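Okay, my_file-v5.txt is below, compact mmCIF, C-alpha atoms and all ligand atoms:
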# COMPACT_ATOMS: atom_id res chain seq x y z
CA MET A 1 34.33 12.39 -72.22
CA ASN A 2 33.76 14.03 -75.58
CA CYS A 3 30.80 16.34 -75.48
CA ILE A 4 31.03 17.24 -79.14
CA SER A 5 32.02 14.70 -81.72
CA ILE A 6 31.51 15.47 -85.40
CA LYS A 7 32.54 13.73 -88.57
CA ASN A 8 32.61 15.11 -92.08
CA LEU A 9 30.15 17.84 -91.12
CA THR A 10 29.11 19.75 -94.23
CA LYS A 11 26.64 22.52 -94.93
CA SER A 12 26.14 23.79 -98.45
CA TYR A 13 24.17 26.80 -99.58
CA GLY A 14 23.90 26.42 -103.35
CA THR A 15 27.49 26.21 -104.50
CA THR A 16 28.89 27.72 -101.27
CA LYS A 17 30.20 25.19 -98.78
CA ALA A 18 29.77 27.19 -95.59
CA VAL A 19 31.09 24.20 -93.63
CA ASP A 20 33.20 21.80 -95.67
CA GLY A 21 33.74 18.39 -94.11
CA ILE A 22 34.75 19.20 -90.54
CA ASP A 23 35.96 16.50 -88.13
CA LEU A 24 36.20 17.59 -84.52
CA SER A 25 36.07 16.30 -80.95
CA VAL A 26 35.69 18.56 -77.97
CA GLU A 27 36.29 17.25 -74.48
CA SER A 28 34.03 18.21 -71.59
CA GLY A 29 35.01 20.79 -69.01
CA GLN A 30 36.91 23.21 -71.18
CA VAL A 31 36.53 26.31 -73.30
CA PHE A 32 36.97 25.40 -76.93
CA GLY A 33 37.76 28.38 -79.14
CA PHE A 34 36.61 28.52 -82.73
CA LEU A 35 38.58 31.14 -84.55
CA GLY A 36 38.34 32.36 -88.10
CA PRO A 37 37.90 35.38 -90.36
CA ASN A 38 34.54 36.69 -91.60
CA GLY A 39 32.63 34.09 -93.57
CA ALA A 40 34.84 31.23 -92.33
CA GLY A 41 31.82 29.18 -91.24
CA LYS A 42 31.85 29.79 -87.47
CA SER A 43 28.20 30.78 -87.07
CA THR A 44 27.06 28.08 -89.46
CA THR A 45 28.92 25.50 -87.37
CA ILE A 46 27.25 26.80 -84.21
CA LYS A 47 23.82 26.56 -85.85
CA LEU A 48 24.57 22.98 -86.92
CA LEU A 49 25.85 21.98 -83.48
CA THR A 50 22.83 23.47 -81.74
CA THR A 51 20.49 21.69 -84.18
CA LEU A 52 19.03 24.97 -85.47
CA ILE A 53 19.83 23.93 -89.04
CA PRO A 54 20.34 20.44 -90.48
CA PRO A 55 23.66 19.46 -92.08
CA SER A 56 23.95 18.58 -95.77
CA HIS A 57 26.20 15.63 -94.83
CA GLY A 58 28.01 14.17 -91.90
CA SER A 59 27.30 13.02 -88.39
CA LEU A 60 27.19 14.93 -85.14
CA ASP A 61 27.04 13.73 -81.61
CA ILE A 62 26.34 16.26 -78.87
CA LEU A 63 26.59 15.14 -75.23
CA GLY A 64 26.47 11.56 -76.43
CA ILE A 65 23.22 12.12 -78.32
CA ASP A 66 22.83 11.78 -82.08
CA ALA A 67 21.88 15.33 -83.05
CA ILE A 68 20.25 14.37 -86.31
CA LYS A 69 17.93 11.78 -84.75
CA ASN A 70 17.19 13.53 -81.44
CA PRO A 71 17.59 17.28 -81.82
CA LEU A 72 15.03 18.15 -79.14
CA GLU A 73 16.71 16.02 -76.52
CA ILE A 74 19.87 18.05 -77.05
CA ARG A 75 18.20 21.45 -76.89
CA HIS A 76 17.26 20.91 -73.24
CA LYS A 77 20.85 20.40 -72.27
CA ILE A 78 22.54 23.23 -74.09
CA GLY A 79 22.51 26.99 -74.17
CA VAL A 80 23.23 29.21 -77.14
CA VAL A 81 23.87 32.90 -77.67
CA LEU A 82 23.77 33.57 -81.39
CA GLN A 83 25.68 36.30 -83.15
CA GLN A 84 22.51 38.19 -84.10
CA PRO A 85 21.12 40.42 -81.37
CA SER A 86 17.87 39.03 -80.02
CA TYR A 87 15.69 40.83 -77.49
CA GLU A 88 12.13 41.85 -76.81
CA PRO A 89 12.14 45.61 -77.30
CA THR A 90 9.61 46.63 -74.67
CA LEU A 91 10.59 44.20 -71.93
CA SER A 92 12.73 45.47 -69.05
CA VAL A 93 16.05 43.83 -68.22
CA GLU A 94 14.70 42.10 -65.10
CA LYS A 95 11.55 40.97 -66.91
CA SER A 96 13.69 39.52 -69.72
CA LEU A 97 15.58 37.39 -67.21
CA GLU A 98 12.32 36.38 -65.52
CA LYS A 99 10.77 35.42 -68.84
CA TYR A 100 13.74 33.32 -69.83
CA GLY A 101 13.53 31.47 -66.54
CA MET A 102 9.86 30.77 -67.18
CA MET A 103 10.62 29.50 -70.65
CA TRP A 104 13.02 27.00 -69.13
CA ASN A 105 10.57 26.01 -66.39
CA VAL A 106 12.77 27.27 -63.58
CA PRO A 107 10.66 27.36 -60.36
CA LYS A 108 9.60 30.84 -59.20
CA ASP A 109 11.86 31.18 -56.15
CA GLU A 110 14.85 29.87 -58.03
CA ARG A 111 14.06 32.29 -60.87
CA LYS A 112 14.17 35.27 -58.54
CA LYS A 113 17.39 34.10 -56.96
CA ARG A 114 19.10 33.54 -60.27
CA ALA A 115 17.92 36.81 -61.77
CA GLU A 116 19.34 38.73 -58.79
CA GLN A 117 22.63 36.89 -59.02
CA LEU A 118 22.91 37.60 -62.76
CA ILE A 119 22.00 41.26 -62.26
CA ALA A 120 24.93 41.45 -59.86
CA ASP A 121 27.35 39.34 -61.93
CA PHE A 122 26.66 41.18 -65.19
CA ASP A 123 26.53 44.69 -63.69
CA LEU A 124 22.90 45.20 -64.64
CA ALA A 125 21.64 46.82 -61.42
CA GLU A 126 21.53 50.35 -62.82
CA ILE A 127 19.62 49.33 -65.91
CA ARG A 128 17.39 46.61 -64.47
CA LYS A 129 14.18 48.64 -65.03
CA LYS A 130 15.16 49.86 -68.50
CA LYS A 131 13.52 48.50 -71.62
CA ASN A 132 15.75 46.49 -73.92
CA GLU A 133 15.13 48.92 -76.78
CA ASP A 134 16.57 51.76 -74.69
CA LEU A 135 19.80 49.96 -73.86
CA SER A 136 23.17 50.60 -75.47
CA ILE A 137 24.50 47.90 -77.76
CA GLY A 138 26.96 46.60 -75.16
CA GLN A 139 24.34 46.58 -72.41
CA ARG A 140 21.94 44.67 -74.65
CA ARG A 141 24.61 42.10 -75.45
CA ARG A 142 25.31 41.65 -71.74
CA VAL A 143 21.63 40.98 -71.10
CA GLN A 144 21.52 38.55 -74.02
CA VAL A 145 24.42 36.56 -72.55
CA ALA A 146 23.24 36.84 -68.92
CA ARG A 147 19.74 35.49 -69.59
CA GLU A 148 21.20 32.26 -70.99
CA PHE A 149 22.45 31.51 -67.48
CA MET A 150 18.90 31.49 -66.12
CA HIS A 151 18.88 27.76 -66.79
CA ASP A 152 21.25 24.89 -66.12
CA MET A 153 23.09 23.44 -69.06
CA ASP A 154 26.01 21.15 -69.78
CA LEU A 155 27.22 22.86 -72.91
CA LEU A 156 27.06 26.50 -73.92
CA PHE A 157 27.64 27.93 -77.38
CA LEU A 158 28.65 31.56 -77.58
CA ASP A 159 28.95 33.26 -80.97
CA GLU A 160 31.14 36.33 -80.52
CA PRO A 161 29.56 37.29 -77.21
CA THR A 162 31.95 40.15 -76.46
CA VAL A 163 31.29 42.22 -79.59
CA GLY A 164 30.34 45.71 -78.44
CA LEU A 165 31.58 45.20 -74.87
CA ASP A 166 34.06 47.66 -73.40
CA PRO A 167 37.38 46.25 -72.11
CA SER A 168 36.23 45.99 -68.53
CA ALA A 169 32.89 44.34 -69.35
CA ARG A 170 34.76 42.03 -71.70
CA ARG A 171 37.23 40.95 -69.04
CA LYS A 172 34.43 40.46 -66.51
CA LEU A 173 32.52 38.24 -68.89
CA LEU A 174 35.61 36.16 -69.68
CA ASP A 175 36.30 35.68 -65.96
CA TYR A 176 32.67 34.78 -65.35
CA LEU A 177 32.89 32.14 -68.08
CA LYS A 178 36.16 30.76 -66.70
CA ASN A 179 34.50 30.29 -63.32
CA LYS A 180 31.53 28.52 -64.87
CA VAL A 181 33.88 26.09 -66.58
CA LYS A 182 35.42 25.28 -63.20
CA THR A 183 31.99 24.12 -62.06
CA GLY A 184 31.71 21.71 -64.99
CA LEU A 185 30.30 23.69 -67.90
CA THR A 186 31.79 23.20 -71.38
CA ILE A 187 31.87 26.23 -73.65
CA PHE A 188 32.18 26.44 -77.42
CA TYR A 189 33.30 29.97 -78.15
CA THR A 190 33.77 31.81 -81.43
CA THR A 191 35.77 34.97 -81.82
CA HIS A 192 38.22 36.73 -84.07
CA VAL A 193 39.90 38.37 -81.11
CA LEU A 194 43.04 36.36 -80.58
CA THR A 195 43.98 37.81 -77.21
CA GLU A 196 40.57 36.77 -75.98
CA ALA A 197 41.05 33.20 -77.21
CA GLU A 198 44.47 33.11 -75.60
CA TYR A 199 43.07 34.27 -72.27
CA LEU A 200 40.03 32.05 -72.23
CA CYS A 201 40.44 28.93 -74.31
CA ASP A 202 42.00 25.58 -73.46
CA GLU A 203 42.02 24.57 -77.11
CA ILE A 204 41.68 26.55 -80.29
CA ALA A 205 40.57 25.48 -83.76
CA ILE A 206 41.41 27.81 -86.61
CA ILE A 207 38.85 27.66 -89.37
CA ASP A 208 38.81 29.25 -92.81
CA LYS A 209 36.57 28.71 -95.83
CA GLY A 210 34.61 26.03 -94.00
CA ARG A 211 37.67 23.92 -93.16
CA ILE A 212 39.66 23.46 -90.00
CA LEU A 213 43.29 24.42 -90.51
CA THR A 214 44.57 23.36 -87.10
CA VAL A 215 43.46 22.41 -83.58
CA ASP A 216 45.82 23.00 -80.69
CA THR A 217 46.31 24.59 -77.29
CA PRO A 218 47.23 28.29 -77.34
CA ASP A 219 50.62 27.38 -75.85
CA SER A 220 51.55 24.76 -78.40
CA LEU A 221 50.32 26.98 -81.22
CA LYS A 222 52.78 29.53 -79.99
CA ALA A 223 55.49 26.93 -79.44
CA LYS A 224 55.01 25.55 -82.94
CA PHE A 225 55.57 28.96 -84.42
CA GLY A 226 57.43 30.28 -81.39
CA LYS A 227 60.86 30.42 -83.00
CA GLU A 228 59.44 32.73 -85.55
CA LYS A 229 60.10 36.43 -85.10
CA THR A 230 58.87 39.49 -86.86
CA ILE A 231 61.60 42.00 -87.62
CA LYS A 232 60.69 45.50 -88.66
CA ILE A 233 63.22 47.85 -90.18
CA HIS A 234 62.52 51.41 -91.17
CA ILE A 235 65.06 52.97 -93.49
CA SER A 236 65.50 56.71 -93.91
CA THR A 237 65.15 57.04 -97.66
CA ARG A 238 63.35 55.13 -100.35
CA GLU A 239 65.61 52.67 -102.11
CA GLU A 240 64.48 51.51 -105.55
CA LYS A 241 66.76 48.47 -105.69
CA LEU A 242 65.86 47.26 -102.19
CA SER A 243 63.76 44.38 -103.39
CA ASP A 244 66.59 43.08 -105.63
CA LEU A 245 69.20 43.60 -102.93
CA LEU A 246 67.28 41.50 -100.42
CA SER A 247 66.01 38.89 -102.83
CA GLY A 248 68.90 36.46 -102.23
CA ILE A 249 68.28 36.10 -98.50
CA LYS A 250 66.90 32.68 -97.61
CA ASP A 251 64.74 31.27 -94.79
CA CYS A 252 62.53 34.30 -94.49
CA GLN A 253 59.57 36.11 -95.90
CA ILE A 254 60.18 39.77 -96.69
CA GLU A 255 57.56 42.43 -97.27
CA LEU A 256 58.37 45.89 -98.49
CA ASN A 257 55.99 48.66 -97.82
CA SER A 258 56.23 52.11 -99.44
CA GLY A 259 59.92 51.48 -100.05
CA THR A 260 61.00 52.43 -96.54
CA ASN A 261 59.42 49.78 -94.30
CA ILE A 262 60.83 46.27 -94.36
CA THR A 263 58.98 43.52 -92.47
CA ILE A 264 60.62 40.13 -92.17
CA HIS A 265 59.11 36.93 -90.79
CA SER A 266 61.63 34.24 -90.05
CA ALA A 267 62.32 31.30 -87.80
CA GLU A 268 66.03 31.99 -88.26
CA SER A 269 65.71 35.60 -87.31
CA GLU A 270 69.24 36.18 -85.99
CA LEU A 271 70.96 34.88 -89.08
CA VAL A 272 68.54 36.61 -91.40
CA LEU A 273 68.88 39.89 -89.54
CA GLN A 274 72.67 39.71 -89.80
CA LYS A 275 72.48 39.23 -93.55
CA ILE A 276 70.02 42.05 -94.01
CA LEU A 277 72.07 44.45 -91.93
CA LYS A 278 75.16 43.52 -93.91
CA THR A 279 73.37 44.16 -97.21
CA LEU A 280 71.97 47.49 -96.02
CA ASN A 281 75.38 48.52 -94.73
CA GLU A 282 77.19 47.59 -97.94
CA ASN A 283 74.75 49.69 -99.91
CA ASN A 284 74.94 52.66 -97.55
CA ILE A 285 71.30 52.42 -96.64
CA GLU A 286 70.68 54.13 -93.33
CA ILE A 287 68.44 52.51 -90.74
CA GLU A 288 66.11 54.76 -88.81
CA ASN A 289 64.44 52.18 -86.62
CA LEU A 290 64.62 48.47 -85.98
CA SER A 291 62.62 46.07 -83.85
CA ALA A 292 62.33 42.30 -83.47
CA VAL A 293 59.43 40.70 -81.63
CA PRO A 294 58.21 37.11 -81.31
CA THR A 295 55.38 36.51 -83.74
CA ASN A 296 52.18 36.57 -81.66
CA LEU A 297 49.07 34.48 -82.02
CA GLU A 298 47.45 37.23 -84.06
CA GLU A 299 50.14 36.94 -86.69
CA ILE A 300 50.10 33.15 -86.64
CA PHE A 301 46.40 33.36 -87.35
CA LEU A 302 46.79 35.85 -90.20
CA LYS A 303 49.59 33.82 -91.69
CA MET A 304 47.61 30.56 -91.59
CA VAL A 305 44.63 32.20 -93.22
CA GLU A 306 46.80 33.86 -95.87
CA ASP A 307 48.61 30.61 -96.64
CA ASN A 308 45.25 28.88 -96.93
CA ALA A 309 44.09 31.53 -99.41
CA SER A 310 47.20 31.15 -101.55
CA HIS A 311 46.88 27.36 -101.67
CA SER A 312 43.27 27.28 -102.72
N1 LIG A 401 21.52 31.15 -94.90
C1 LIG A 401 22.55 31.28 -95.74
N2 LIG A 401 22.36 31.30 -97.07
C2 LIG A 401 23.39 31.40 -97.92
N3 LIG A 401 24.68 31.50 -97.56
C3 LIG A 401 24.94 31.50 -96.24
C4 LIG A 401 23.90 31.39 -95.27
N4 LIG A 401 24.47 31.39 -94.05
C5 LIG A 401 25.81 31.52 -94.25
N5 LIG A 401 26.10 31.57 -95.57
C6 LIG A 401 27.45 31.68 -96.15
O1 LIG A 401 28.28 30.72 -95.51
C7 LIG A 401 29.57 31.25 -95.25
C8 LIG A 401 29.90 31.12 -93.77
O2 LIG A 401 29.09 32.03 -93.03
P1 LIG A 401 29.13 32.15 -91.45
O3 LIG A 401 28.08 33.08 -91.04
O4 LIG A 401 29.12 30.79 -90.88
O5 LIG A 401 30.58 32.80 -91.22
P2 LIG A 401 31.25 33.30 -89.86
O6 LIG A 401 32.55 32.56 -89.74
O7 LIG A 401 30.31 33.21 -88.75
O8 LIG A 401 31.60 34.83 -90.20
P3 LIG A 401 31.56 36.15 -89.24
O9 LIG A 401 32.89 36.21 -88.57
O10 LIG A 401 31.40 37.26 -90.23
O11 LIG A 401 30.42 36.03 -88.31
C9 LIG A 401 29.58 32.66 -95.80
O12 LIG A 401 30.14 32.64 -97.08
C10 LIG A 401 28.09 33.02 -95.85
O13 LIG A 401 27.85 33.96 -96.87
MG MG A 402 29.51 34.56 -87.52
Go through the file and emit its structure as structure tokens.
Amino acid sequence: MNCISIKNLTKSYGTTKAVDGIDLSVESGQVFGFLGPNGAGKSTTIKLLTTLIPPSHGSLDILGIDAIKNPLEIRHKIGVVLQQPSYEPTLSVEKSLEKYGMMWNVPKDERKKRAEQLIADFDLAEIRKKKNEDLSIGQRRRVQVAREFMHDMDLLFLDEPTVGLDPSARRKLLDYLKNKVKTGLTIFYTTHVLTEAEYLCDEIAIIDKGRILTVDTPDSLKAKFGKEKTIKIHISTREEKLSDLLSGIKDCQIELNSGTNITIHSAESELVLQKILKTLNENNIEIENLSAVPTNLEEIFLKMVEDNASHS
């Protein structure tokens, strides 16, 4: 079943199209990653999908409900952690959880049970009596995410939930989320951390300037670009004619940095490398260092966003 289904979703602010005609379907029971650079439209999309703001155009169906006609019906079934920090400064961690449970009409006994479980799962025991305003940024973020789990939901939206978390807290949160998905939750997750998306997400959409560039699984994204390698060559001395010397080599993209670093992206890396080595050799250019690695998801992402910028 699709739990998110949107067509031509658009949100304009004056002349800015924050979200520019997005079509998307997200199946239930997975983590769907929404990836894009600053200002791409990720948070705006989350606000539209959670009915916090109305679209300028388009239709959106959340959990089989028309979100424009019945926004309130949807809000009971979803959870959302926005990008902006939100907390009550003088409330303690345990009281914040308690209050959230009350807001969602969770019965008292169940509230206590859940709060204790979340205090354990999110490593909040040491700070349970502390006021939110006295917490570190990462601790506060953990509380903000934890409290959302005080209530049951079918679909959870997380807008960069791991910002400010240390590597171990980050990994714990990702594993916690993975487990929740196994019990039937669907998660819509934004990030610009590619490794995180790779670890967590079943599908990834890459978004830039309000438009979706591609939707795929992390594996097929890598397979699609998998032949591509990044070759880095460091030469000992600056060579003025380097750019001209290498200009005839096909099937690759060459960047020269400070005259001594050559970076090559190519799907025909072996052939291209041979040609470059030959050229360098013929011109008596000495190589200090050379490496060739498969292009990772991070670079695929950067490349897609760069290509998008040069085409628009
Ligand atoms: N309330 C608003 N009024 C005017 N412009 C807005 C408003 N909200 C967002 N925008 C613009 O819409 C675009 C998309 O913003 P959005 O916050 O969705 O990006 P984002 O992908 O979440 O970025 P980040 O990674 O920095 O969080 C930006 O150009 C932003 O300036
Ligand atoms: Mg954002």
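Residue nearest Lys130 in chain A within the list A:Gly210, A:Pro167, A:Gly33, A:Pro89: A:Pro89 [criterion: smallest interatomic distance, all atoms listed in the file].
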* **Within 8 Å of range 173-184 of chain A using only C-alpha atoms, minus same-chain residues under 2 positions, as number ranges by chain** => A: 28-31, 121-122, 154, 162, 169-171, 186-187, 200
* To do: Give as a PyMOL selection string the residues surrounding ligand MG 402 (chain A) up to a distance of 7 Å, considering all atoms listed in the file.
  => chain A and resi 38-39+41-43+83+159
Resulting file, chosen residues, C-alpha atoms, as a short mmCIF file (atom, residue, chain, number, x, y, z; two decimals), keeping the file's coordinate frame:
data_model
loop_
_atom_site.label_atom_id
_atom_site.label_comp_id
_atom_site.auth_asym_id
_atom_site.auth_seq_id
_atom_site.Cartn_x
_atom_site.Cartn_y
_atom_site.Cartn_z
CA ASN A 38 34.54 36.69 -91.60
CA GLY A 39 32.63 34.09 -93.57
CA GLY A 41 31.82 29.18 -91.24
CA LYS A 42 31.85 29.79 -87.47
CA SER A 43 28.20 30.78 -87.07
CA GLN A 83 25.68 36.30 -83.15
CA ASP A 159 28.95 33.26 -80.97
#
* Excluding Asn132 in chain A and any residue of its chain fewer than 3 positions from it, enumerate the residues within 12 Å of it, using only C-alpha atoms, and give them as a PyMOL selection string. => chain A and resi 85-97+124+127-129+135-144
* To do: Give as a ChimeraX atom specification the residues surrounding ligand LIG 401 (chain A) up to a distance of 10 Å, considering only C-alpha atoms and all ligand atoms.
  => /A:11-19,34-48,53,82-84,159-160,190-192,207-210
* From A:Asn8, A:Leu118, A:Thr195, A:Phe157, residue lying nearest Thr50 in chain A [all atoms listed in the file] -> A:Phe157
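Comparing the minimum interatomic distances between Ile300 in chain A and each of A:Leu245, A:Ile276, A:Ile262, A:Ser220, counting all atoms listed in the file, we find that A:Ser220 sits nearest.
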* Rounded to one decimal in Å, what is the spacing between CA of Val272 in chain A and CA of Ile254 in chain A? -> 10.4 Å
* By how many Å are CA of Ile233 in chain A and CA of Asp219 in chain A apart? ->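 Pair CA of Ile233 in chain A / CA of Asp219 in chain A returns 28.0 Å.
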* To do: Could you tell me how far CA of Asn281 in chain A lies from CA of Ile235 in chain A, in Å and to one decimal?
  => 11.3 Å
Using all atoms of range 208-225 of chain A that appear in the file, construct an axis-aligned enclosing box with 4 Å of padding on every side and provide its centre coordinates and edge lengths in Å, rounded to one decimal, as JSON.
{"center_x": 45.1, "center_y": 26.0, "center_z": -85.8, "size_x": 29.0, "size_y": 15.1, "size_z": 28.0}
* To do: Would you mind telling me which residue in A:Ala197, A:Glu73, A:Leu280, A:His151 lies nearest to Pro107 in chain A when using only C-alpha atoms?
  =>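 Checking each candidate against Pro107 in chain A, we get A:His151 as the closest.
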* Asked: With only C-alpha atoms as the basis for distance, which of A:Glu110, A:Phe188, A:Phe301, A:Glu268 is at the shortest distance from Leu49 in chain A?
  ->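 With only C-alpha atoms as the atom set, the closest residue is A:Phe188.
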* Asked: Which of these, A:Ala115, A:Leu60, A:Ala67, A:Val305, has the shortest distance to Leu213 in chain A once you count only C-alpha atoms?
  -> A:Val305
* Within 6 Å of range 284-295 of chain A using all atoms listed in the file, minus same-chain residues under 4 positions, as a ChimeraX atom specification -> /A:228-236,280
* **Non-local contacts of Leu24 in chain A (10 Å; all atoms listed in the file; under 5 positions in same chain excluded) as a PyMOL selection string** => chain A and resi 2+4-9+60+205+212+215
